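Let me begin by presenting the structure, written as structure tokens, before commenting on it.
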Amino acid sequence: MTDYTSPRWGRSALVVIDLQRDFLDDGQAAIPGTTAVVPNVVSLVNAFRRAGRPVIHVIRLYPPGGSDVDLLRRDLIEKGAEVAAPGTDGSQVADGVLPRGYRLDADVLLAGKQQEVGPSEILLFKPRFSAFHRTELESLLRAEECDTVVVAGCNLPNCPRATLFDANERDFRTVLVTDAVSQTSPERLADLEKIGVNLHATANVVASLLAR
């Protein structure tokens, strides 16, 4: 039987989703458990850099008073709340994840452009849950000849889950790093396995990537 779902590490890319200060456990819009996964995300990012594989940090930005926002937060943002607001410290990626000294360029990102932060490492803004929605993610992955998407970051039920479903629908092999994403549960992980998502721990991903 032909295997269409197992990861091919030599053609993989790491997609880190919404790992921003406002979503850490002490942030303005805290997602419990997010701070705890930061060290594992840092390990993944470093491993992908060493392997010369692409790293794509996908982030949220909510201009206060704006309405181009997911329905879950639209009323809050329209009323002027500052959650991952452009230019704020809370919008920045968690410490240690980006190369030293890099900060988000909100003007570039909100214009739909990519911000380069290192060799084969970029930042992208997404306006909704999925990292594929109204972004250049798919074309970037195709240009790098990637067929495997490895997902880590913040709040599995929302953005990582939507991204994994959209990756699957685009015929990418998918991996969720279970100890590098917040808000997991046995039921949520079992549901993802049923659509062909591979579940791996950080140590296994790092070993597999660097052993190829």
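Ordering of the structure tokens sets the chain letters (A, B, ...), residue numbers begin anew at 1 in every chain, and ligands are numbered from 1 in the order given.
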Between segment 105-158 of chain A and segment 40-51 of chain A, at 10 Å or less, what are the per-residue closest atom pairs and their distances in Å? Count only C-alpha atoms, order by chain and rising residue number, and return it as JSON lines.
{"residue": "A:Gly118", "atom": "CA", "partner": "A:Arg49", "partner_atom": "CA", "distance": 9.0}
{"residue": "A:Pro119", "atom": "CA", "partner": "A:Arg49", "partner_atom": "CA", "distance": 8.1}
{"residue": "A:Ser120", "atom": "CA", "partner": "A:Arg49", "partner_atom": "CA", "distance": 8.2}
{"residue": "A:Glu121", "atom": "CA", "partner": "A:Arg49", "partner_atom": "CA", "distance": 8.2}
{"residue": "A:Val150", "atom": "CA", "partner": "A:Leu44", "partner_atom": "CA", "distance": 9.7}
{"residue": "A:Val151", "atom": "CA", "partner": "A:Val41", "partner_atom": "CA", "distance": 9.9}
{"residue": "A:Ala152", "atom": "CA", "partner": "A:Val41", "partner_atom": "CA", "distance": 6.8}
{"residue": "A:Gly153", "atom": "CA", "partner": "A:Val41", "partner_atom": "CA", "distance": 7.1}
Hey, which bits of segment 82-138 of chain A sit within 9 Å of segment 166-174 of chain A, and for each residue what's the closest pair of atoms and how far apart in Å (one decimal), counting only C-alpha atoms, rows by chain and increasing number, as a Markdown table?
| residue | atom | partner | partner_atom | distance |
| --- | --- | --- | --- | --- |
| A:Ser130 | CA | A:Asp166 | CA | 7.1 |
| A:Ala131 | CA | A:Asp166 | CA | 8.4 |
| A:Phe132 | CA | A:Asp166 | CA | 6.8 |
| A:His133 | CA | A:Asp166 | CA | 8.6 |
| A:Glu138 | CA | A:Arg170 | CA | 8.3 |
(message) From a backbone DSSP assignment, name each residue in segment 62-199 of chain A labelled strand (DSSP E), as a list in words.
(response) Gln115, Glu116, Val117, Gly118, Glu121, Ile122, Leu123, Leu124, Phe125, Thr148, Val149, Val150, Val151, Ala152, Gly153, Arg173, Thr174, Val175, Leu176, Val177, Thr178, Asp179, Ala180, Val181, Asn198 and Leu199 of chain A
Atom pair atom CA of Asp179 of chain A / atom CA of Pro127 of chain A: separation (Å):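 So the answer is 25.5 Å.
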Excluding Pro157 of chain A and residues on its chain fewer than 2 positions from it, collect all residues at most 9 Å away from it, counting only C-alpha atoms, and give them as a PyMOL selection string. chain A and resi 155+159-162+183-184+188
Quick one: contact table of segment 31-122 of chain A to segment 2-26 of chain A, 8 Å max, nearest atom pair and distance in Å to one decimal per residue, counting only C-alpha atoms, chain and number order, as JSON lines?
{"residue": "A:Ile31", "atom": "CA", "partner": "A:Phe23", "partner_atom": "CA", "distance": 5.3}
{"residue": "A:Pro32", "atom": "CA", "partner": "A:Asp25", "partner_atom": "CA", "distance": 5.2}
{"residue": "A:Gly33", "atom": "CA", "partner": "A:Asp25", "partner_atom": "CA", "distance": 6.5}
{"residue": "A:Thr34", "atom": "CA", "partner": "A:Leu24", "partner_atom": "CA", "distance": 5.2}
{"residue": "A:Thr35", "atom": "CA", "partner": "A:Leu24", "partner_atom": "CA", "distance": 5.0}
{"residue": "A:Val38", "atom": "CA", "partner": "A:Leu19", "partner_atom": "CA", "distance": 7.8}
{"residue": "A:Val41", "atom": "CA", "partner": "A:Val16", "partner_atom": "CA", "distance": 7.8}
{"residue": "A:Leu44", "atom": "CA", "partner": "A:Leu14", "partner_atom": "CA", "distance": 8.0}
{"residue": "A:Val45", "atom": "CA", "partner": "A:Leu14", "partner_atom": "CA", "distance": 7.4}
{"residue": "A:Phe48", "atom": "CA", "partner": "A:Leu14", "partner_atom": "CA", "distance": 7.1}
{"residue": "A:Arg53", "atom": "CA", "partner": "A:Ala13", "partner_atom": "CA", "distance": 5.9}
{"residue": "A:Pro54", "atom": "CA", "partner": "A:Ala13", "partner_atom": "CA", "distance": 4.9}
{"residue": "A:Val55", "atom": "CA", "partner": "A:Leu14", "partner_atom": "CA", "distance": 4.8}
{"residue": "A:Ile56", "atom": "CA", "partner": "A:Val15", "partner_atom": "CA", "distance": 4.9}
{"residue": "A:His57", "atom": "CA", "partner": "A:Val16", "partner_atom": "CA", "distance": 4.8}
{"residue": "A:Val58", "atom": "CA", "partner": "A:Ile17", "partner_atom": "CA", "distance": 5.0}
{"residue": "A:Ile59", "atom": "CA", "partner": "A:Asp18", "partner_atom": "CA", "distance": 4.6}
{"residue": "A:Arg60", "atom": "CA", "partner": "A:Asp18", "partner_atom": "CA", "distance": 6.2}
{"residue": "A:Val83", "atom": "CA", "partner": "A:Asp22", "partner_atom": "CA", "distance": 6.6}
{"residue": "A:Ala84", "atom": "CA", "partner": "A:Asp22", "partner_atom": "CA", "distance": 6.0}
{"residue": "A:Asp89", "atom": "CA", "partner": "A:Arg21", "partner_atom": "CA", "distance": 7.3}
{"residue": "A:Gly90", "atom": "CA", "partner": "A:Asp22", "partner_atom": "CA", "distance": 4.5}
{"residue": "A:Ser91", "atom": "CA", "partner": "A:Gln20", "partner_atom": "CA", "distance": 5.8}
{"residue": "A:Gln92", "atom": "CA", "partner": "A:Gln20", "partner_atom": "CA", "distance": 5.4}
{"residue": "A:Val93", "atom": "CA", "partner": "A:Gln20", "partner_atom": "CA", "distance": 4.2}
{"residue": "A:Ala94", "atom": "CA", "partner": "A:Gln20", "partner_atom": "CA", "distance": 5.1}
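Using only C-alpha atoms, the residues found no farther than 7 Å from His200 of chain A, other than those of its own chain fewer than 2 positions away, are Val175, Leu176, Val177, Thr178, Asn198, Thr202, Asn204 and Val205 of chain A.
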Selection export as a short mmCIF file (atom, residue, chain, number, x, y, z; two decimals), in the first residue's frame, atoms kept: C-alpha atoms:
data_model
loop_
_atom_site.label_atom_id
_atom_site.label_comp_id
_atom_site.auth_asym_id
_atom_site.auth_seq_id
_atom_site.Cartn_x
_atom_site.Cartn_y
_atom_site.Cartn_z
CA VAL A 175 2.64 16.57 11.79
CA LEU A 176 1.46 18.05 15.09
CA VAL A 177 4.15 18.37 17.75
CA THR A 178 2.03 17.43 20.72
CA ASN A 198 1.02 12.36 12.58
CA THR A 202 9.56 17.40 20.17
CA ASN A 204 11.22 12.63 18.16
CA VAL A 205 10.87 15.41 15.58
#
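Counting only C-alpha atoms, segment 64-75 of chain A has the following residues at most 9 Å away, ignoring those fewer than 4 positions along the same chain: Lys79, Gly80, Ala81, Glu82, Val83, Ala85, Pro86, Pro127, Arg128 and Phe129 of chain A.
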Residues flagged helix (DSSP H, G or I) by DSSP in segment 5-196 of chain A, as a PyMOL selection string: chain A and resi 9-11+21-23+34-51+71-78+89-91+106-110+137-143+159-169+186-193
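Take atom CA of Gly87 of chain A and atom CA of Arg134 of chain A: the distance between them is 21.8 Å.
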